[in-house]
Structures are given as C-alpha cells and as structure tokens.
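Peer 1: This one is my_file_24.cif, mmCIF, C-alpha atoms.
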data_coords
loop_
_atom_site.label_atom_id
_atom_site.label_comp_id
_atom_site.auth_asym_id
_atom_site.auth_seq_id
_atom_site.Cartn_x
_atom_site.Cartn_y
_atom_site.Cartn_z
CA MET A 22 6.45 4.95 15.05
CA LYS A 23 8.14 8.14 13.86
CA LYS A 24 6.92 11.31 15.53
CA LYS A 25 6.63 12.96 12.12
CA ILE A 26 4.04 10.41 11.05
CA LEU A 27 2.02 10.65 14.25
CA ASP A 28 2.11 14.44 14.06
CA HIS A 29 0.81 14.26 10.48
CA TYR A 30 -2.26 12.35 11.66
CA LEU A 31 -2.88 14.86 14.43
CA LYS A 32 -3.41 17.56 11.82
CA PHE A 33 -6.87 18.47 10.61
CA GLY A 34 -7.69 18.48 6.94
CA LEU A 35 -10.37 20.26 4.96
CA PHE A 36 -13.03 17.72 5.99
CA THR A 37 -11.92 16.82 9.54
CA ASN A 38 -11.37 20.41 10.71
CA PRO A 39 -13.67 20.85 13.76
CA GLY A 40 -13.65 24.63 13.53
CA CYS A 41 -15.44 26.14 16.50
CA TYR A 42 -16.39 22.69 17.81
CA GLU A 43 -12.92 21.59 18.98
CA ASP A 44 -13.71 22.37 22.62
CA PHE A 45 -17.06 20.60 22.25
CA PHE A 46 -15.21 17.48 21.09
CA GLU A 47 -12.72 17.61 23.94
CA ALA A 48 -15.61 17.22 26.39
CA LEU A 49 -16.74 13.93 24.78
CA PRO A 50 -15.61 10.51 26.11
CA ASP A 51 -11.95 9.62 25.55
CA SER A 52 -12.46 6.01 24.44
CA ALA A 53 -12.86 5.38 20.70
CA LYS A 54 -15.47 2.73 21.49
CA GLU A 55 -17.48 5.08 23.71
CA ILE A 56 -17.28 7.85 21.12
CA GLY A 57 -18.29 5.46 18.35
CA LYS A 58 -21.31 4.17 20.25
CA LEU A 59 -22.36 7.74 20.93
CA ILE A 60 -21.97 8.74 17.27
CA SER A 61 -23.98 5.71 16.14
CA HIS A 62 -26.96 7.21 17.96
CA GLN A 63 -26.66 10.52 16.11
CA VAL A 64 -26.74 9.18 12.56
CA ILE A 65 -28.68 6.87 10.25
CA HIS A 66 -27.08 5.22 7.25
CA ARG A 67 -28.99 5.90 4.03
CA LEU A 68 -29.40 2.16 3.36
CA THR A 69 -30.84 1.67 6.83
CA LEU A 70 -33.34 4.44 6.15
CA GLN A 71 -34.26 2.83 2.83
CA GLU A 72 -34.83 -0.56 4.46
CA GLY A 73 -37.00 0.99 7.16
CA ASN A 74 -37.72 -1.40 10.01
CA THR A 75 -36.41 -4.45 8.13
CA GLY A 76 -32.98 -5.89 7.43
CA SER A 77 -30.32 -4.69 9.86
CA ASN A 78 -32.98 -2.63 11.69
CA LYS A 79 -35.56 -5.36 12.13
CA ASP A 80 -34.80 -5.36 15.86
CA GLY A 81 -35.15 -1.57 16.01
CA ARG A 82 -31.54 -0.92 17.00
CA TYR A 83 -31.50 2.26 14.91
CA GLY A 84 -34.96 3.40 15.97
CA ASP A 85 -38.36 3.45 14.32
CA MET A 86 -37.78 4.62 10.74
CA LYS A 87 -41.50 5.35 10.37
CA ARG A 88 -40.94 8.40 12.53
CA PHE A 89 -38.43 9.92 10.12
CA PRO A 90 -39.98 12.96 8.35
CA TRP A 91 -40.87 12.39 4.70
CA TYR A 92 -39.38 15.73 3.61
CA ARG A 93 -35.94 14.61 4.82
CA LEU A 94 -35.92 11.25 3.06
CA VAL A 95 -32.63 12.03 1.34
CA CYS A 96 -28.98 11.32 2.07
CA ASP A 97 -27.29 14.26 3.78
CA ASP A 98 -23.86 13.39 2.35
CA ASP A 99 -24.04 16.09 -0.31
CA VAL A 100 -25.17 18.88 1.99
CA LEU A 101 -23.12 17.95 5.07
CA PRO A 102 -19.73 17.11 3.53
CA ASN A 103 -17.51 17.91 6.50
CA THR A 104 -17.27 17.79 10.27
CA VAL A 105 -18.38 21.37 10.91
CA SER A 106 -21.55 21.04 8.84
CA MET A 107 -22.51 17.71 10.43
CA VAL A 108 -22.09 18.97 13.99
CA ALA A 109 -23.90 22.22 13.23
CA GLU A 110 -26.89 20.32 11.85
CA LEU A 111 -26.96 17.87 14.75
CA LEU A 112 -27.00 20.77 17.21
CA ARG A 113 -29.70 22.52 15.20
CA LEU A 114 -31.86 19.40 15.39
CA ASP A 115 -31.18 18.78 19.08
CA LYS A 116 -29.34 21.48 21.03
CA ARG A 117 -28.53 19.04 23.85
CA GLY A 118 -25.59 17.83 21.78
CA PHE A 119 -24.53 14.21 21.20
CA VAL A 120 -27.01 12.25 23.28
CA MET A 121 -27.85 8.56 23.38
CA ASP A 122 -31.60 9.22 23.36
CA ARG A 123 -31.62 11.41 20.22
CA LYS A 124 -34.93 10.97 18.42
CA VAL A 125 -34.90 9.32 15.00
CA GLU A 126 -36.33 12.44 13.40
CA ASN A 127 -33.42 14.48 14.79
CA LYS A 128 -30.65 12.30 13.36
CA ILE A 129 -28.69 13.00 10.18
CA VAL A 130 -28.57 10.54 7.27
CA VAL A 131 -24.93 9.96 6.32
CA THR A 132 -22.74 7.12 5.11
CA CYS A 133 -19.58 5.50 6.47
CA ARG A 134 -17.25 8.16 5.04
CA HIS A 135 -18.93 10.83 7.13
CA VAL A 136 -18.82 8.74 10.30
CA ALA A 137 -15.11 8.10 9.70
CA ILE A 138 -14.22 11.78 9.27
CA LEU A 139 -16.29 12.69 12.32
CA MET A 140 -14.46 10.06 14.39
CA ALA A 141 -11.08 11.24 13.09
CA SER A 142 -11.92 14.85 13.91
CA ILE A 143 -12.96 14.01 17.46
CA LEU A 144 -9.90 11.89 18.22
CA LYS A 145 -7.52 14.45 16.68
CA SER A 146 -9.18 17.09 18.88
CA LYS A 147 -8.25 14.94 21.87
CA GLY A 148 -4.61 14.71 20.81
CA ILE A 149 -4.91 11.17 19.45
CA SER A 150 -3.38 10.48 16.04
CA CYS A 151 -6.13 9.16 13.80
CA ARG A 152 -6.61 8.54 10.09
CA VAL A 153 -9.42 7.58 7.76
CA ARG A 154 -8.96 4.51 5.56
CA SER A 155 -10.96 3.33 2.57
CA GLY A 156 -11.36 -0.15 1.14
CA PHE A 157 -13.92 -2.94 1.19
CA ALA A 158 -15.74 -4.66 4.06
CA PRO A 159 -16.44 -8.38 3.59
CA TYR A 160 -18.47 -8.57 6.80
CA PHE A 161 -21.70 -6.90 5.65
CA LEU A 162 -22.87 -8.80 2.57
CA GLU A 163 -21.90 -11.80 0.46
CA LYS A 164 -19.82 -9.45 -1.68
CA SER A 165 -17.12 -7.18 -0.27
CA VAL A 166 -18.65 -3.69 -0.28
CA ASP A 167 -16.88 -0.30 -0.37
CA HIS A 168 -16.35 1.05 3.11
CA TRP A 169 -14.53 3.72 5.11
CA ILE A 170 -13.11 3.00 8.56
CA ASN A 171 -10.48 4.46 10.91
CA GLU A 172 -7.17 3.73 12.56
CA TYR A 173 -6.00 5.43 15.74
CA TRP A 174 -2.59 5.22 17.37
CA ASN A 175 -2.59 3.39 20.69
CA LYS A 176 0.34 4.75 22.71
CA GLU A 177 0.36 1.87 25.19
CA LYS A 178 0.33 -0.88 22.55
CA LYS A 179 2.40 1.22 20.14
CA LYS A 180 0.34 0.27 17.13
CA TRP A 181 -2.54 1.40 14.96
CA ILE A 182 -5.91 0.08 16.09
CA VAL A 183 -8.34 -0.52 13.23
CA PHE A 184 -11.97 0.26 14.07
CA ASP A 185 -15.35 0.66 12.42
CA ALA A 186 -17.78 3.07 14.09
CA SER A 187 -20.33 3.15 11.27
CA ALA A 188 -22.85 0.66 12.64
CA ILE A 189 -24.17 -1.02 15.77
CA PHE A 190 -22.64 -4.48 15.47
CA ASP A 191 -23.92 -7.48 17.37
CA GLU A 192 -23.19 -10.30 14.96
CA LEU A 193 -19.47 -9.97 14.23
CA CYS A 194 -17.02 -12.58 15.48
CA PHE A 195 -14.49 -9.84 16.25
CA ASP A 196 -14.44 -6.52 18.09
CA PRO A 197 -15.35 -3.72 15.61
CA TYR A 198 -13.16 -1.40 17.72
CA ASP A 199 -10.10 -3.62 17.33
CA ILE A 200 -10.49 -5.22 13.93
CA PRO A 201 -7.85 -7.76 12.87
CA LYS A 202 -6.18 -6.34 9.75
CA ASN A 203 -7.08 -9.45 7.73
CA LYS A 204 -10.80 -8.87 8.33
CA PHE A 205 -10.82 -5.78 6.10
CA ASP A 206 -10.12 -5.76 2.37
CA TRP A 207 -7.61 -2.92 2.04
CA ALA A 208 -7.85 -1.08 -1.27
CA ALA A 209 -4.21 -1.63 -2.22
CA ASN A 210 -4.39 -5.37 -1.53
CA VAL A 211 -7.55 -5.65 -3.62
CA TRP A 212 -6.14 -3.70 -6.57
CA LEU A 213 -2.89 -5.68 -6.64
CA GLY A 214 -4.71 -8.96 -6.03
CA ILE A 215 -6.90 -8.34 -9.05
CA ARG A 216 -3.98 -7.20 -11.18
CA GLU A 217 -2.07 -10.37 -10.28
CA GLY A 218 -5.08 -12.59 -10.95
CA LYS A 219 -5.36 -13.72 -7.34
CA LEU A 220 -8.74 -12.09 -6.63
CA ASN A 221 -12.03 -12.14 -8.53
CA VAL A 222 -12.85 -8.59 -9.61
CA ASP A 223 -16.61 -9.33 -9.46
CA ASN A 224 -16.45 -9.86 -5.70
CA PHE A 225 -16.02 -6.12 -5.05
CA VAL A 226 -18.93 -3.68 -5.28
CA ASN A 227 -19.95 -0.27 -4.07
CA ALA A 228 -23.23 1.05 -2.75
CA GLY A 229 -23.75 3.07 -5.92
CA GLY A 230 -24.25 -0.10 -7.95
CA PHE A 231 -20.77 -0.19 -9.47
CA ARG A 232 -18.77 -3.39 -9.34
CA GLY A 233 -15.41 -4.61 -10.55
CA ILE A 234 -12.30 -2.60 -11.31
CA THR A 235 -13.97 0.83 -11.30
CA PRO A 236 -14.91 0.98 -7.60
CA VAL A 237 -11.60 -0.68 -6.72
CA VAL A 238 -9.49 2.07 -8.27
CA TRP A 239 -11.76 4.71 -6.76
CA GLU A 240 -11.24 3.19 -3.30
CA LEU A 241 -7.50 3.13 -3.91
CA PHE A 242 -7.47 6.88 -4.47
CA TYR A 243 -9.91 7.53 -1.62
CA ASP A 244 -7.41 5.72 0.61
CA PHE A 245 -4.41 7.63 -0.76
CA HIS A 246 -6.10 10.99 -0.32
CA SER A 247 -7.32 10.03 3.16
CA LEU A 248 -3.78 9.10 4.22
CA MET A 249 -2.81 12.61 3.15
CA ASN A 250 -5.59 14.05 5.36
CA ASN A 251 -7.83 14.82 2.39
CA GLU A 252 -10.89 12.57 2.74
CA ILE A 253 -12.45 13.33 -0.64
CA LEU A 254 -16.13 12.90 -1.49
CA TYR A 255 -17.60 9.88 -3.30
CA LYS A 256 -18.16 11.91 -6.45
CA GLN A 257 -14.54 13.02 -6.67
CA ALA A 258 -11.83 11.08 -8.48
CA PRO A 259 -8.67 11.76 -10.51
CA TYR A 260 -9.77 13.31 -13.78
CA TYR A 261 -8.48 10.48 -15.94
CA LEU A 262 -10.30 7.84 -13.84
CA TYR A 263 -13.56 9.66 -13.21
CA ASP A 264 -15.85 7.71 -15.55
CA GLU A 265 -16.11 3.96 -16.10
CA GLY A 266 -15.22 4.45 -19.77
CA ASP A 267 -11.90 6.05 -18.83
CA PHE A 268 -10.38 2.63 -18.22
CA LYS A 269 -10.45 1.94 -21.93
CA LYS A 270 -8.11 4.91 -22.42
CA LEU A 271 -5.50 3.92 -19.84
CA THR A 272 -2.02 3.16 -21.13
CA LYS A 273 0.43 0.58 -19.84
CA LYS A 274 2.27 3.44 -18.12
CA ASP A 275 -0.96 4.51 -16.36
CA PHE A 276 -1.44 1.02 -14.94
CA VAL A 277 2.18 0.81 -13.80
CA GLU A 278 1.82 4.16 -12.00
CA ILE A 279 -1.29 2.95 -10.17
CA ASP A 280 0.42 -0.36 -9.34
CA ASP A 281 3.36 1.56 -7.87
CA LEU A 282 1.00 3.67 -5.75
CA ALA A 283 -0.76 0.54 -4.50
CA GLU A 284 2.59 -0.98 -3.51
CA LEU A 285 3.31 2.09 -1.38
CA LEU A 286 -0.14 1.93 0.21
CA LEU A 287 0.44 -1.64 1.38
CA GLU A 288 2.67 -0.22 4.13
CA PRO A 289 1.81 3.47 4.46
CA ASP A 290 4.04 4.08 7.48
CA LYS A 291 7.11 2.41 6.02
CA ASN A 292 6.50 4.27 2.75
CA PHE A 293 5.32 7.53 4.28
CA GLU A 294 8.03 9.72 2.76
CA ALA A 295 7.46 8.21 -0.69
CA LEU A 296 3.71 8.76 -0.39
CA VAL A 297 4.21 12.40 0.59
CA ASP A 298 6.61 12.84 -2.31
CA THR A 299 4.04 11.32 -4.67
CA TRP A 300 1.38 13.60 -3.21
CA ASN A 301 3.50 16.67 -3.81
CA LYS A 302 4.67 15.81 -7.31
CA LYS A 303 2.08 13.61 -9.06
CA LYS A 304 -0.49 16.11 -10.33
CA LYS A 305 -2.65 13.48 -12.06
CA PHE A 306 -3.25 11.75 -8.72
CA ARG A 307 -4.47 14.96 -7.06
CA ILE A 308 -6.40 16.89 -9.69
CA LEU A 309 -9.97 15.73 -9.26
CA ASN A 310 -13.11 15.77 -11.33
CA SER A 311 -16.51 16.07 -9.71
CA PRO A 312 -20.09 16.71 -10.83
CA LEU A 313 -19.27 20.42 -11.28
CA ILE A 314 -15.67 20.16 -12.49
CA ASP A 315 -14.60 18.24 -15.58
CA ASP A 316 -11.69 18.08 -18.00
CA GLU A 317 -12.59 21.29 -19.79
CA ASP A 318 -12.41 23.23 -16.56
CA HIS A 319 -8.89 22.36 -15.47
CA CYS A 320 -7.54 18.92 -16.16
CA SER A 321 -6.68 18.99 -19.84
CA LYS A 322 -4.37 21.93 -19.13
CA LEU A 323 -2.44 20.14 -16.42
CA GLY A 324 -1.78 16.74 -17.97
#
Written as structure tokens, how would this file's structure read?
Peer 2:
Amino acid sequence: MKKKILDHYLKFGLFTNPGCYEDFFEALPDSAKEIGKLISHQVIHRLTLQEGNTGSNKDGRYGDMKRFPWYRLVCDDDVLPNTVSMVAELLRLDKRGFVMDRKVENKIVVTCRHVAILMASILKSKGISCRVRSGFAPYFLEKSVDHWINEYWNKEKKKWIVFDASAIFDELCFDPYDIPKNKFDWAANVWLGIREGKLNVDNFVNAGGFRGITPVVWELFYDFHSLMNNEILYKQAPYYLYDEGDFKKLTKKDFVEIDDLAELLLEPDKNFEALVDTWNKKKKFRILNSPLIDDEDHCSKLG
C-alpha cells in the first residue's frame, strides 16, 4: 500500500477530529475489537431504544431500556454530530470515561455513522490508518439496510480489515471485526449492480423509510465523502440529488458521471489519485444541501 494513501487515512477530518481528547484516546486499548466492545457499552442505537427490551435487546445485552430517562428519548445524532461532541457528552454523563459498566441512562443514543467516526478517530489517534465506509448490511434484516462500518490497515497482514463496531453481535457466522468483503454490500457495487440490471433495487432500504435508488445514491456519496475524510451527516447530499424527486431531473450525462464515480469506488486504493482529482474538481459532488441549506442559498450559483 502506498504511504501516501495510508497517511491520508491517518489524517483527521471535520467529524473525526478528536480535539482535546487525543491523549484520552491514546490511553484506550490498542485492539480494534477491544475498542469496539468498549464503545458498544457507551452507546445505544436509536432503533434499539425504540424496541425497548424486545427484538435485538430481548436478552438485555444493551441494558434495561426502561431505565432510560423519558426526557432523552430522542436520537442524539443531530446534537452530537462529531467525535468531540460525543466524547464531551459521555464524560458529562459519567466522568469515569469509557467504562464497561456505564449505566443505560448515561449512554448516548447514536446510529452506526457516529460509532464509525468515533472508531476512526480513536484508531487514527493511535497512529493506525482507518477510514469510514458506507453501504448496506445484509446481515441485520431480510432487506439490505444502509450502514456505516470501518476499515483499518493491518501492518502485519498488509491489508485493510473490514469491521463493524456498531452492535454486540452473537449470531453472525463471521467475525464482525474481520468481515469478509463479500458479506457487506458496498455502495458502488450496489449502484452499478442496479444500473446493470443484476440487482433488485427494492432489496435496499434505509432506516429513514426510503428504499430503492434514492438511498443507494445517497450511500454512494456518503462513501465517497468518507473516503475523502469527510463523513457527512445523513441529511446532507449533493444539491442535485437531495430530494427523491430530483431523480426525475437527472440527465444521461448525470447518470454517466455517477456511474464513473462508482467505478472508481470499486477499488478506492487503486483509483486513489483519480478520486482525489474528482474531489478537487467536481463541484457538484461536493456542494451539499441540508435542512438549512438549499439551492437558493448556494447551489444554483455554482452549477
């Protein structure tokens, strides 16, 4: 692996920057699996909280949800968007730090994206090249659901290790901290598979209730931005792809451009220079809309 690529994934981005907590992270365990297990005891996924003591938590692996305070029955994703804010809140709730016996009421409610950026931040702080990836996980439900995971560079094996630290897994037939690449539905593979008629678009959904081509193209751009160390929020997307109705406005050229990006994302290391060049030159792939920013604010002027 080229040093330039590994150095790129040692850098912190806007969301993975640990700020004043870099030394705090360095004192944590060195193993990705140990770190992941520790993190899983600091957070609750919003769907787990909604299900209470049923579903994936029927055995109580995430704690007694009845103890969670009613006034915090919201997802913290919007108010804790980055590493610094998550760690600050966890320390406010329990000043002991990241502890295995953290009480349910002192955990934060975040989704897989937040776990992934927290894991990336910790490993980068330890001098381990790590990146966030976005796609679909076929190992949770009957459908393949949108999901964010990580890859870290293993110096001994000289390869990227794919891992998922977002849940406490007991039922998988593979190690969640060394996931075979074919066990995850990578965003680029899904997009191109659908475009080529090899995959059923209805098999891919996201937790927000969207299904089909819309969440697929969103995941594609989440993955692209994450590979550039910019792990954007769920409610951010390129301005011309922000709403479901935008697909009706796409031209043949638009689709070809997205296809070309997906081809590069199939092998991000081999195509690293081309991805960086695209990142630096393709404004329409980087200018994002969000709940507070729309076309009238910036995008229509940039094209």
Peer 1: Determine the residue membership of the PyMOL selection byres ((chain A and resi 55) around 12) for the file above and supply it as number ranges by chain.
Peer 2: A: 49-54, 56-62, 119-121, 140, 143-144, 186, 198
Peer 1: Translate the PyMOL selection byres ((chain A and resi 66) around 8), as applied to the file shown, into an explicit residue set as an MDAnalysis selection string.
Peer 2: chainID A and resid 64:65 67:70 130:133
Peer 1: List as a ChimeraX atom specification the protein and nucleic acid residues near region 164-179 of chain A, meaning an atom at most 7 Å away when all atoms listed in the file are counted, but skip any in the same chain fewer than 5 places from it.
Peer 2: /A:133-134,137,149-159,184-185,224-228
Peer 1: Taking C-alpha atoms for each residue, export the selection above as a PDB file, keeping the file's coordinate frame.
Peer 2:
ATOM      1  CA  CYS A 133     -19.580   5.500   6.470  1.00  0.00           C
ATOM      2  CA  ARG A 134     -17.250   8.160   5.040  1.00  0.00           C
ATOM      3  CA  ALA A 137     -15.110   8.100   9.700  1.00  0.00           C
ATOM      4  CA  ILE A 149      -4.910  11.170  19.450  1.00  0.00           C
ATOM      5  CA  SER A 150      -3.380  10.480  16.040  1.00  0.00           C
ATOM      6  CA  CYS A 151      -6.130   9.160  13.800  1.00  0.00           C
ATOM      7  CA  ARG A 152      -6.610   8.540  10.090  1.00  0.00           C
ATOM      8  CA  VAL A 153      -9.420   7.580   7.760  1.00  0.00           C
ATOM      9  CA  ARG A 154      -8.960   4.510   5.560  1.00  0.00           C
ATOM     10  CA  SER A 155     -10.960   3.330   2.570  1.00  0.00           C
ATOM     11  CA  GLY A 156     -11.360  -0.150   1.140  1.00  0.00           C
ATOM     12  CA  PHE A 157     -13.920  -2.940   1.190  1.00  0.00           C
ATOM     13  CA  ALA A 158     -15.740  -4.660   4.060  1.00  0.00           C
ATOM     14  CA  PRO A 159     -16.440  -8.380   3.590  1.00  0.00           C
ATOM     15  CA  PHE A 184     -11.970   0.260  14.070  1.00  0.00           C
ATOM     16  CA  ASP A 185     -15.350   0.660  12.420  1.00  0.00           C
ATOM     17  CA  ASN A 224     -16.450  -9.860  -5.700  1.00  0.00           C
ATOM     18  CA  PHE A 225     -16.020  -6.120  -5.050  1.00  0.00           C
ATOM     19  CA  VAL A 226     -18.930  -3.680  -5.280  1.00  0.00           C
ATOM     20  CA  ASN A 227     -19.950  -0.270  -4.070  1.00  0.00           C
ATOM     21  CA  ALA A 228     -23.230   1.050  -2.750  1.00  0.00           C
TER      22      ALA A 228
END
Peer 1: Name all residues at most 8 Å from region 113-118 of chain A (count all atoms listed in the file; drop same-chain ones fewer than 4 positions away) and give them as a PyMOL selection string.
Peer 2: chain A and resi 109+123+127-128
Peer 1: Suppose we keep C-alpha atoms; can you now write the selection as a short mmCIF file (atom, residue, chain, number, x, y, z; two decimals), in the coordinates of the input?
Peer 2:
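The result, written out as part.cif:
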data_model
loop_
_atom_site.label_atom_id
_atom_site.label_comp_id
_atom_site.auth_asym_id
_atom_site.auth_seq_id
_atom_site.Cartn_x
_atom_site.Cartn_y
_atom_site.Cartn_z
CA ALA A 109 -23.90 22.22 13.23
CA ARG A 123 -31.62 11.41 20.22
CA ASN A 127 -33.42 14.48 14.79
CA LYS A 128 -30.65 12.30 13.36
#
Peer 1: Could you tell me, as a list in words, exactly which residues end up selected when the PyMOL selection byres ((chain A and resi 30) around 8) is applied to this structure?
Peer 2: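 What the PyMOL selection byres ((chain A and resi 30) around 8) grabs from the file is Ile26, Leu27, Asp28, His29, Leu31, Lys32, Phe33, Lys145, Ser150, Cys151, Arg152 and Asn250 of chain A.
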Peer 1: Quick one: residues within 8 Å of Val237 (chain A), all atoms listed in the file, excluding same-chain residues fewer than 2 positions away - as an MDAnalysis selection string?
Peer 2: chainID A and resid 156 208 211:212 225 233:235 239:241
Peer 1: Grab the CA of Tyr83 (chain A) to CA of Asn38 (chain A) distance for me, in Å with one decimal place.
Peer 2: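 Separating CA of Tyr83 (chain A) from CA of Asn38 (chain A) is a distance of 27.4 Å.
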Peer 1: So, counting only C-alpha atoms, which residue among A:Leu286, A:Ile129, A:Val100, A:Leu309 is closest to Ala258 (chain A)?
Peer 2: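 The closest residue to Ala258 (chain A) is A:Leu309.
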Peer 1: Need the shell around region 39-45 of chain A: protein/DNA/RNA residues with any atom at most 10 Å away, counting all atoms listed in the file. Skip same-chain ones fewer than 2 positions apart. Format as a list in words?
Peer 2: Phe33, Gly34, Leu35, Phe36, Thr37, Glu47, Ala48, Leu49, Asn103, Thr104, Val105, Ser106, Met107, Val108, Ala109, Gly118, Phe119, Leu139, Ala141, Ser142, Ile143, Lys145, Ser146 and Lys147 of chain A
Peer 1: Can you work out which one of A:Ile314, A:Ala188, A:Leu262, A:Val136 has the shortest atom-to-atom distance to Pro236 (chain A), counting all atoms listed in the file?
Peer 2: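 Of A:Ile314, A:Ala188, A:Leu262, A:Val136, the one nearest Pro236 (chain A), counting all atoms listed in the file, is A:Leu262.
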Peer 1: If you keep C-alpha atoms, can you output region 116-133 of chain A as a compact mmCIF listing (two decimals), in the first residue's frame?
Peer 2:
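The new file decode-v8.txt reads:
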# COMPACT_ATOMS: atom_id res chain seq x y z
CA LYS A 116 -16.84 11.33 34.33
CA ARG A 117 -15.15 7.94 34.74
CA GLY A 118 -14.74 7.82 30.97
CA PHE A 119 -15.39 4.83 28.69
CA VAL A 120 -16.38 2.10 31.11
CA MET A 121 -17.97 -1.29 30.57
CA ASP A 122 -20.45 -0.79 33.41
CA ARG A 123 -21.86 2.54 32.15
CA LYS A 124 -25.49 2.82 33.20
CA VAL A 125 -28.14 2.81 30.49
CA GLU A 126 -29.30 6.27 31.49
CA ASN A 127 -25.75 7.60 30.98
CA LYS A 128 -25.32 6.33 27.42
CA ILE A 129 -25.78 8.38 24.25
CA VAL A 130 -28.27 7.43 21.53
CA VAL A 131 -26.46 7.41 18.19
CA THR A 132 -26.50 5.43 14.96
CA CYS A 133 -23.85 3.47 13.07
